[in-house]
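Text of upload_15.cif, listed as mmCIF, C-alpha atoms:
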```cif
data_work
loop_
_atom_site.label_atom_id
_atom_site.label_comp_id
_atom_site.auth_asym_id
_atom_site.auth_seq_id
_atom_site.Cartn_x
_atom_site.Cartn_y
_atom_site.Cartn_z
CA MET M 1 104.21 94.94 103.25
CA THR M 2 102.56 94.54 99.87
CA ASP M 3 104.17 95.24 96.55
CA SER M 4 100.95 95.39 94.54
CA PHE M 5 98.69 98.31 93.79
CA LEU M 6 95.51 98.82 91.77
CA ASP M 7 95.46 102.28 90.20
CA SER M 8 92.50 104.37 89.10
CA SER M 9 92.40 102.48 85.80
CA LYS M 10 91.90 99.23 87.81
CA ARG M 11 95.29 97.91 86.73
CA LEU M 12 97.08 95.86 89.36
CA TYR M 13 100.79 96.60 89.66
CA GLY M 14 103.25 94.23 91.27
CA ARG M 15 103.31 90.50 91.86
CA ARG M 16 100.31 88.37 92.69
CA LYS M 17 102.41 85.31 93.50
CA GLY M 18 106.01 84.65 94.50
CA ARG M 19 107.93 81.47 95.21
CA PRO M 20 106.13 78.10 95.15
CA LEU M 21 104.29 77.46 98.41
CA ARG M 22 104.97 74.59 100.76
CA LYS M 23 102.40 71.86 101.15
CA ARG M 24 100.81 73.16 104.35
CA LYS M 25 100.26 76.65 102.98
CA THR M 26 98.79 75.26 99.78
CA GLU M 27 96.44 73.14 101.85
CA LEU M 28 95.42 76.17 103.92
CA LEU M 29 94.64 78.16 100.77
CA ASP M 30 92.39 75.32 99.63
CA GLY M 31 90.91 74.38 103.00
CA LEU M 32 90.89 77.40 105.31
CA LEU M 33 90.72 80.44 103.04
CA PRO M 34 87.22 79.71 101.67
CA SER M 35 85.75 80.00 105.19
CA LEU M 36 87.50 83.33 105.84
CA GLU M 37 87.45 84.91 102.40
CA ILE M 38 85.54 88.07 101.55
CA PRO M 39 84.48 88.02 97.89
CA VAL M 40 85.74 91.03 95.93
CA PRO M 41 82.94 93.62 96.15
CA GLN M 42 81.47 94.80 92.89
CA PRO M 43 80.46 98.41 92.18
CA GLY M 44 77.37 99.22 94.17
CA ASP M 45 77.82 96.40 96.70
CA ARG M 46 77.40 97.18 100.39
CA ILE M 47 79.06 95.14 103.16
CA ASP M 48 78.21 95.27 106.86
CA PRO M 49 81.59 94.42 108.44
CA HIS M 50 80.00 93.02 111.60
CA ALA M 51 77.93 90.62 109.50
CA LEU M 52 81.14 88.98 108.26
CA PHE M 53 81.61 87.34 111.66
CA ALA M 54 79.45 84.61 113.18
CA ASN M 55 80.01 85.92 116.72
CA PRO M 56 79.25 89.48 117.89
CA MET M 57 82.34 91.71 117.73
CA ARG M 58 83.00 94.75 119.87
CA ASP M 59 84.63 96.52 116.92
CA VAL M 60 86.02 95.85 113.45
CA TRP M 61 89.52 96.86 112.32
CA LEU M 62 91.07 96.89 108.86
CA GLU M 63 94.63 96.26 107.70
CA VAL M 64 95.53 97.27 104.15
CA GLY M 65 98.39 95.24 102.69
CA PHE M 66 99.10 92.89 105.60
CA GLY M 67 102.24 91.39 104.03
CA SER M 68 103.02 88.05 105.65
CA GLY M 69 100.33 88.65 108.29
CA HIS M 70 102.32 88.83 111.54
CA HIS M 71 100.85 92.14 112.69
CA MET M 72 97.31 91.20 111.74
CA ALA M 73 97.47 87.80 113.41
CA TRP M 74 98.88 89.38 116.59
CA GLN M 75 96.05 91.92 116.72
CA ALA M 76 93.47 89.17 116.21
CA ALA M 77 95.03 86.96 118.90
CA ASN M 78 95.23 89.81 121.41
CA ASN M 79 91.79 91.26 120.67
CA ARG M 80 89.49 88.26 120.43
CA ASP M 81 86.38 90.44 120.60
CA VAL M 82 87.47 92.52 117.60
CA GLY M 83 86.91 91.44 114.01
CA VAL M 84 90.09 92.02 112.01
CA ILE M 85 89.75 92.34 108.24
CA GLY M 86 92.81 92.28 106.00
CA ALA M 87 93.26 92.98 102.29
CA GLU M 88 96.33 91.66 100.48
CA PRO M 89 96.66 90.76 96.78
CA PHE M 90 99.95 88.85 97.16
CA ILE M 91 98.93 85.21 97.50
CA ASN M 92 102.11 84.19 99.34
CA GLY M 93 101.26 86.77 101.99
CA VAL M 94 97.72 85.43 102.25
CA ALA M 95 99.14 81.94 102.73
CA GLY M 96 101.48 83.23 105.43
CA LEU M 97 98.60 84.82 107.30
CA LEU M 98 96.54 81.65 107.03
CA LYS M 99 99.32 79.68 108.70
CA LEU M 100 99.44 82.16 111.58
CA VAL M 101 95.64 82.17 111.88
CA ASP M 102 95.65 78.38 112.05
CA ASP M 103 98.48 78.32 114.60
CA GLU M 104 96.85 80.97 116.82
CA GLY M 105 93.31 79.66 116.45
CA VAL M 106 91.84 83.03 115.47
CA GLN M 107 89.59 81.87 112.66
CA ASP M 108 86.56 83.35 114.42
CA ASN M 109 87.73 86.97 114.25
CA VAL M 110 89.76 87.14 111.03
CA ARG M 111 88.43 87.75 107.52
CA ILE M 112 90.54 88.10 104.39
CA LEU M 113 90.13 89.84 101.06
CA PRO M 114 92.89 88.35 98.87
CA ASP M 115 92.84 91.35 96.57
CA ASP M 116 93.09 95.13 96.48
CA ALA M 117 91.52 97.00 99.39
CA ARG M 118 89.78 99.78 97.49
CA PRO M 119 86.66 97.87 96.38
CA LEU M 120 86.20 96.83 100.00
CA LEU M 121 86.62 100.38 101.26
CA ASP M 122 84.02 101.56 98.76
CA ALA M 123 81.58 98.86 99.92
CA LEU M 124 81.87 99.54 103.66
CA PRO M 125 79.35 101.84 105.39
CA ASP M 126 80.29 105.24 106.71
CA ALA M 127 81.89 105.23 110.18
CA SER M 128 82.03 101.43 110.38
CA ILE M 129 85.73 100.76 111.12
CA GLY M 130 87.31 101.38 114.52
CA ARG M 131 90.98 101.26 113.49
CA ALA M 132 92.96 101.00 110.25
CA PHE M 133 96.56 100.01 109.54
CA VAL M 134 98.76 100.67 106.51
CA LEU M 135 102.18 99.36 107.51
CA PHE M 136 105.36 99.27 105.43
CA ALA M 137 103.61 99.67 102.12
CA ASP M 138 105.57 99.72 98.87
CA PRO M 139 107.29 103.15 98.72
CA TRP M 140 107.21 103.35 94.91
CA PRO M 141 110.37 105.50 95.00
CA LYS M 142 110.37 106.68 91.37
CA LYS M 143 108.59 109.99 90.98
CA ARG M 144 106.52 108.79 88.04
CA HIS M 145 105.09 106.06 90.32
CA TRP M 146 104.21 108.22 93.32
CA GLU M 147 100.52 108.18 92.41
CA ARG M 148 100.58 104.43 93.13
CA ARG M 149 101.27 105.03 96.82
CA PHE M 150 98.25 103.92 98.82
CA ILE M 151 98.20 106.80 101.29
CA GLY M 152 97.43 109.88 99.23
CA PRO M 153 94.66 112.00 97.74
CA ASP M 154 92.67 109.07 96.32
CA ASN M 155 92.50 106.81 99.37
CA LEU M 156 92.59 109.13 102.38
CA PRO M 157 88.97 110.21 101.68
CA ARG M 158 88.02 106.53 101.49
CA LEU M 159 89.64 105.87 104.87
CA ALA M 160 88.13 108.99 106.40
CA ARG M 161 84.67 107.94 105.28
CA VAL M 162 84.76 104.43 106.77
CA LEU M 163 86.58 105.28 110.01
CA LYS M 164 84.53 106.09 113.07
CA ASP M 165 84.96 109.41 114.82
CA GLY M 166 88.02 109.09 117.04
CA ALA M 167 89.27 105.97 115.23
CA GLU M 168 93.01 105.56 114.71
CA LEU M 169 94.81 105.35 111.40
CA ARG M 170 98.25 103.80 111.96
CA LEU M 171 100.97 104.22 109.34
CA ALA M 172 104.56 102.97 109.33
CA SER M 173 107.48 102.95 106.91
CA ASP M 174 111.26 102.71 106.84
CA ASP M 175 111.44 104.73 103.61
CA MET M 176 111.88 108.41 104.41
CA GLY M 177 110.53 109.50 101.04
CA LEU M 178 107.30 107.66 101.71
CA VAL M 179 107.21 108.87 105.32
CA ARG M 180 107.36 112.48 104.17
CA TRP M 181 104.73 111.82 101.52
CA MET M 182 102.29 110.15 103.95
CA LEU M 183 102.84 112.77 106.61
CA GLU M 184 102.32 115.64 104.18
CA HIS M 185 99.11 114.24 102.72
CA THR M 186 97.58 113.02 105.98
CA VAL M 187 98.36 116.13 108.01
CA ARG M 188 96.91 118.23 105.22
CA HIS M 189 93.72 116.18 105.07
CA PRO M 190 90.93 117.95 107.02
CA ASP M 191 89.57 114.76 108.60
CA PHE M 192 92.78 113.58 110.31
CA GLU M 193 94.82 114.84 113.24
CA TRP M 194 98.37 113.66 113.98
CA THR M 195 98.69 112.56 117.59
CA ALA M 196 102.46 113.07 117.93
CA ARG M 197 103.63 115.55 120.55
CA GLY M 198 107.36 114.79 120.40
CA PRO M 199 109.98 112.71 118.55
CA SER M 200 109.47 109.62 120.70
CA ASP M 201 105.88 109.42 119.42
CA TRP M 202 107.03 108.55 115.92
CA ARG M 203 110.32 106.84 116.72
CA HIS M 204 108.83 104.09 118.88
CA ARG M 205 105.86 101.76 118.64
CA ILE M 206 103.29 101.79 121.42
CA ALA M 207 102.61 98.64 123.46
CA ASP M 208 99.80 97.25 121.29
CA TRP M 209 101.75 97.68 118.06
CA PRO M 210 103.87 94.55 117.57
CA PRO M 211 106.95 94.44 115.34
CA THR M 212 106.69 92.81 111.94
CA ARG M 213 109.27 90.63 110.25
CA TYR M 214 109.77 93.30 107.61
CA GLU M 215 110.41 95.92 110.31
CA GLU M 216 113.01 93.71 111.97
CA LYS M 217 114.81 93.21 108.66
CA ALA M 218 114.76 96.96 108.03
CA ILE M 219 116.37 97.65 111.42
CA GLU M 220 119.00 94.97 110.79
CA ALA M 221 119.79 96.73 107.50
CA GLY M 222 120.29 100.05 109.31
CA ARG M 223 116.98 101.68 108.37
CA LYS M 224 114.94 103.41 111.07
CA PRO M 225 111.17 102.88 110.87
CA VAL M 226 108.77 105.71 111.59
CA PHE M 227 105.45 105.01 113.33
CA MET M 228 102.60 107.49 112.88
CA ARG M 229 99.20 107.57 114.52
CA PHE M 230 96.37 109.75 113.27
CA VAL M 231 92.88 110.20 114.71
CA ARG M 232 89.78 110.59 112.62
CA LYS M 233 88.28 113.92 113.64
CA ALA M 234 84.67 114.12 114.75
CA ARG M 235 82.16 114.75 111.99
CA GLY M 236 80.40 118.06 112.06
#
```
As structure tokens, how would this structure be written, given the file I've shared?
Amino acid sequence: MTDSFLDSSKRLYGRRKGRPLRKRKTELLDGLLPSLEIPVPQPGDRIDPHALFANPMRDVWLEVGFGSGHHMAWQAANNRDVGVIGAEPFINGVAGLLKLVDDEGVQDNVRILPDDARPLLDALPDASIGRAFVLFADPWPKKRHWERRFIGPDNLPRLARVLKDGAELRLASDDMGLVRWMLEHTVRHPDFEWTARGPSDWRHRIADWPPTRYEEKAIEAGRKPVFMRFVRKARG
């Protein structure tokens, strides 16, 4: 879960750094991050996601706002032939992911943009991403802040453009206001189809969707997460 957001005026909301980092995480930021880091794309830049990895990858997936990195690291560890790209502006989250990457030994198939995801989305080619995740994003509960929510009219076209035909967009939240917002906007978008056929489809994670630490804390607090899977429709 990330609590930062860059709006259309390019202003970044939320924290970039939290509590002081322990020695190992500081060392990983200095030593490991440079080998995995994607420079922030500038307007007009184009990035081939497969070219980010030294070894050939069967597919490339993208996680927007990976929080402390548990979900992203799990996907990388369990899909060694898939390149997993993550964007997260909160430096403590980046440090947390780096620790997991180092522990799991998944340096070969992880790449990190320690910043907002939108410049990266704009730089990726059409139909270049096989799966995307936006999990437990900041709900921005005040009405005047709703335009800061990542899933909405500004970013769904970006996601639709870079996702391959048939690619999954996975969304999750424990905030019912945000759940309704994401569902309304994504169902209404012409390029996405909701895969749910019954309540169990959004009440439970599927086998290759691991729990996150944030999700576990939400359940302990009595909140019920919702898990949504959308498919990118075939282009005409």
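Checking M:Arg232, M:Gln107, M:Lys143, M:Arg205 one by one against Leu156 in chain M, counting all atoms listed in the file, you find the shortest gap at M:Arg232.
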Pairwise distance, CA of Ile206 in chain M with CA of Gly152 in chain M, equals 24.3 Å
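Candidate residues M:Phe90, M:Phe53, M:Phe133, M:Trp140 were compared for distance to Asp116 in chain M, and the nearest is M:Phe90, using all atoms listed in the file.
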One residue among M:Ile151, M:Ile38, M:Ala77, M:Ile85 is nearest to Val179 in chain M when using all atoms listed in the file, and that residue is M:Ile151
Practice task
Find the spatial neighbours of range 215-222 of chain M, counting only C-alpha atoms, within a cut-off of 9 Å - ignore same-chain residues fewer than 6 positions away - and output them as a PyMOL selection string.
Solution key: chain M and resi 136+173-174
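The space separating CA of Arg203 in chain M from CA of Ile129 in chain M comes to 25.9 Å.
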Counting all atoms listed in the file, the residue among M:Arg111, M:Ala137, M:Val231, M:Leu121 that lies closest to Glu37 in chain M is M:Arg111
First collect every listed atom of range 203-209 of chain M; then fit an axis-aligned box around them, widen it by 6 Å on each side, and give centre and edge lengths in Å to one decimal, as lines of an AutoDock Vina configuration file.
```
center_x = 105.1
center_y = 102.0
center_z = 120.1
size_x = 22.5
size_y = 21.6
size_z = 18.7
```
Pull out every residue that the PyMOL selection byres ((chain M and resi 161-165) around 6) matches in the shown coordinates and put them as a PyMOL selection string.
chain M and resi 126-130+158-160+166-167+232-234
Checklist entry - Written as number ranges by chain, what is the full residue list that the PyMOL selection byres ((chain M and resi 28) around 12) yields on the file shown? => result M: 21-27, 29-37, 91-92, 94-103, 107
Taken to one decimal, the CA of Gly83 in chain M-CA of Ala117 in chain M distance is 16.3 Å
Between M:Pro49, M:Gly105, M:Pro114, M:Gly44, smallest distance to Trp61 in chain M by all atoms listed in the file belongs to M:Pro49
Check your understanding: Selected by the PyMOL selection byres ((chain M and resi 63) around 10) in the shown coordinates: which residues, as a list in words?
Key ->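 Given this file, the PyMOL selection byres ((chain M and resi 63) around 10) evaluates to Trp61, Leu62, Val64, Gly65, Phe66, Gly67, Gly69, His71, Met72, Val84, Ile85, Gly86, Ala87, Glu88, Ile112, Ala117, Arg131, Ala132, Phe133, Val134, Leu135, Leu169 and Arg170 of chain M.
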Exercise: Asn79 in chain M partners within 10 Å, only C-alpha atoms, chain neighbours under 5 positions left out, as a JSON list (two decimals) with C-alpha atoms, keeping the file's coordinate frame:
```json
[["chain", "number", "residue", "atom", "x", "y", "z"],
["M", 57, "MET", "CA", 82.34, 91.71, 117.73],
["M", 58, "ARG", "CA", 83.00, 94.75, 119.87],
["M", 59, "ASP", "CA", 84.63, 96.52, 116.92],
["M", 73, "ALA", "CA", 97.47, 87.80, 113.41],
["M", 74, "TRP", "CA", 98.88, 89.38, 116.59],
["M", 84, "VAL", "CA", 90.09, 92.02, 112.01],
["M", 106, "VAL", "CA", 91.84, 83.03, 115.47],
["M", 109, "ASN", "CA", 87.73, 86.97, 114.25]]
```
Contact residues around His189 in chain M with only C-alpha atoms at 10 Å, ignoring same-chain residues under 3 positions, as a list of chain:residue names
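Counting only C-alpha atoms, the residues come to M:Gly152, M:Pro153, M:Leu156, M:Pro157, M:Ala160, M:Leu183, M:Glu184, M:His185, M:Thr186, M:Phe192, M:Glu193.
Distances here use all atoms listed in the file; by that measure, the residue among M:Arg149, M:Arg19, M:His70, M:Arg46 closest to Pro211 in chain M is M:His70.
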Since the input has fewer atoms than a full residue there, write range 84-110 of chain M out with N, CA and C atoms, as a tab-separated table (two decimals), in the coordinates of the input.
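Once written, out28.tsv looks like this:
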```tsv
chain	number	residue	atom	x	y	z
M	84	VAL	N	88.96	91.43	112.72
M	84	VAL	CA	90.09	92.02	112.01
M	84	VAL	C	90.01	91.59	110.55
M	85	ILE	N	89.84	92.57	109.68
M	85	ILE	CA	89.75	92.34	108.24
M	85	ILE	C	91.08	92.75	107.60
M	86	GLY	N	91.58	91.94	106.70
M	86	GLY	CA	92.81	92.28	106.00
M	86	GLY	C	92.65	92.13	104.50
M	87	ALA	N	93.26	93.04	103.76
M	87	ALA	CA	93.26	92.98	102.29
M	87	ALA	C	94.70	92.87	101.81
M	88	GLU	N	94.98	91.89	100.98
M	88	GLU	CA	96.33	91.66	100.48
M	88	GLU	C	96.25	90.89	99.16
M	89	PRO	N	96.74	91.46	98.06
M	89	PRO	CA	96.66	90.76	96.78
M	89	PRO	C	97.76	89.74	96.54
M	90	PHE	N	98.82	89.75	97.36
M	90	PHE	CA	99.95	88.85	97.16
M	90	PHE	C	99.63	87.51	97.81
M	91	ILE	N	99.45	86.47	97.00
M	91	ILE	CA	98.93	85.21	97.50
M	91	ILE	C	99.87	84.54	98.50
M	92	ASN	N	101.19	84.76	98.36
M	92	ASN	CA	102.11	84.19	99.34
M	92	ASN	C	101.90	84.82	100.71
M	93	GLY	N	101.59	86.12	100.73
M	93	GLY	CA	101.26	86.77	101.99
M	93	GLY	C	99.99	86.24	102.60
M	94	VAL	N	98.98	86.02	101.77
M	94	VAL	CA	97.72	85.43	102.25
M	94	VAL	C	97.98	84.07	102.87
M	95	ALA	N	98.81	83.25	102.20
M	95	ALA	CA	99.14	81.94	102.73
M	95	ALA	C	99.88	82.04	104.06
M	96	GLY	N	100.77	83.03	104.16
M	96	GLY	CA	101.48	83.23	105.43
M	96	GLY	C	100.53	83.60	106.55
M	97	LEU	N	99.58	84.47	106.28
M	97	LEU	CA	98.60	84.82	107.30
M	97	LEU	C	97.76	83.61	107.70
M	98	LEU	N	97.35	82.82	106.73
M	98	LEU	CA	96.54	81.65	107.03
M	98	LEU	C	97.26	80.70	107.99
M	99	LYS	N	98.55	80.53	107.80
M	99	LYS	CA	99.32	79.68	108.70
M	99	LYS	C	99.29	80.23	110.12
M	100	LEU	N	99.46	81.54	110.26
M	100	LEU	CA	99.44	82.16	111.58
M	100	LEU	C	98.05	82.07	112.20
M	101	VAL	N	97.02	82.29	111.39
M	101	VAL	CA	95.64	82.17	111.88
M	101	VAL	C	95.38	80.76	112.40
M	102	ASP	N	95.83	79.77	111.64
M	102	ASP	CA	95.65	78.38	112.05
M	102	ASP	C	96.43	78.07	113.33
M	103	ASP	N	97.66	78.56	113.41
M	103	ASP	CA	98.48	78.32	114.60
M	103	ASP	C	97.89	78.98	115.84
M	104	GLU	N	97.36	80.21	115.68
M	104	GLU	CA	96.85	80.97	116.82
M	104	GLU	C	95.39	80.64	117.14
M	105	GLY	N	94.71	79.98	116.23
M	105	GLY	CA	93.31	79.66	116.45
M	105	GLY	C	92.40	80.87	116.44
M	106	VAL	N	92.63	81.79	115.51
M	106	VAL	CA	91.84	83.03	115.47
M	106	VAL	C	90.93	83.07	114.25
M	107	GLN	N	90.47	81.91	113.82
M	107	GLN	CA	89.59	81.87	112.66
M	107	GLN	C	88.30	82.64	112.89
M	108	ASP	N	87.84	82.72	114.15
M	108	ASP	CA	86.56	83.35	114.42
M	108	ASP	C	86.57	84.86	114.19
M	109	ASN	N	87.73	85.51	114.35
M	109	ASN	CA	87.73	86.97	114.25
M	109	ASN	C	88.68	87.50	113.18
M	110	VAL	N	88.96	86.69	112.17
M	110	VAL	CA	89.76	87.14	111.03
M	110	VAL	C	88.98	86.90	109.74
```
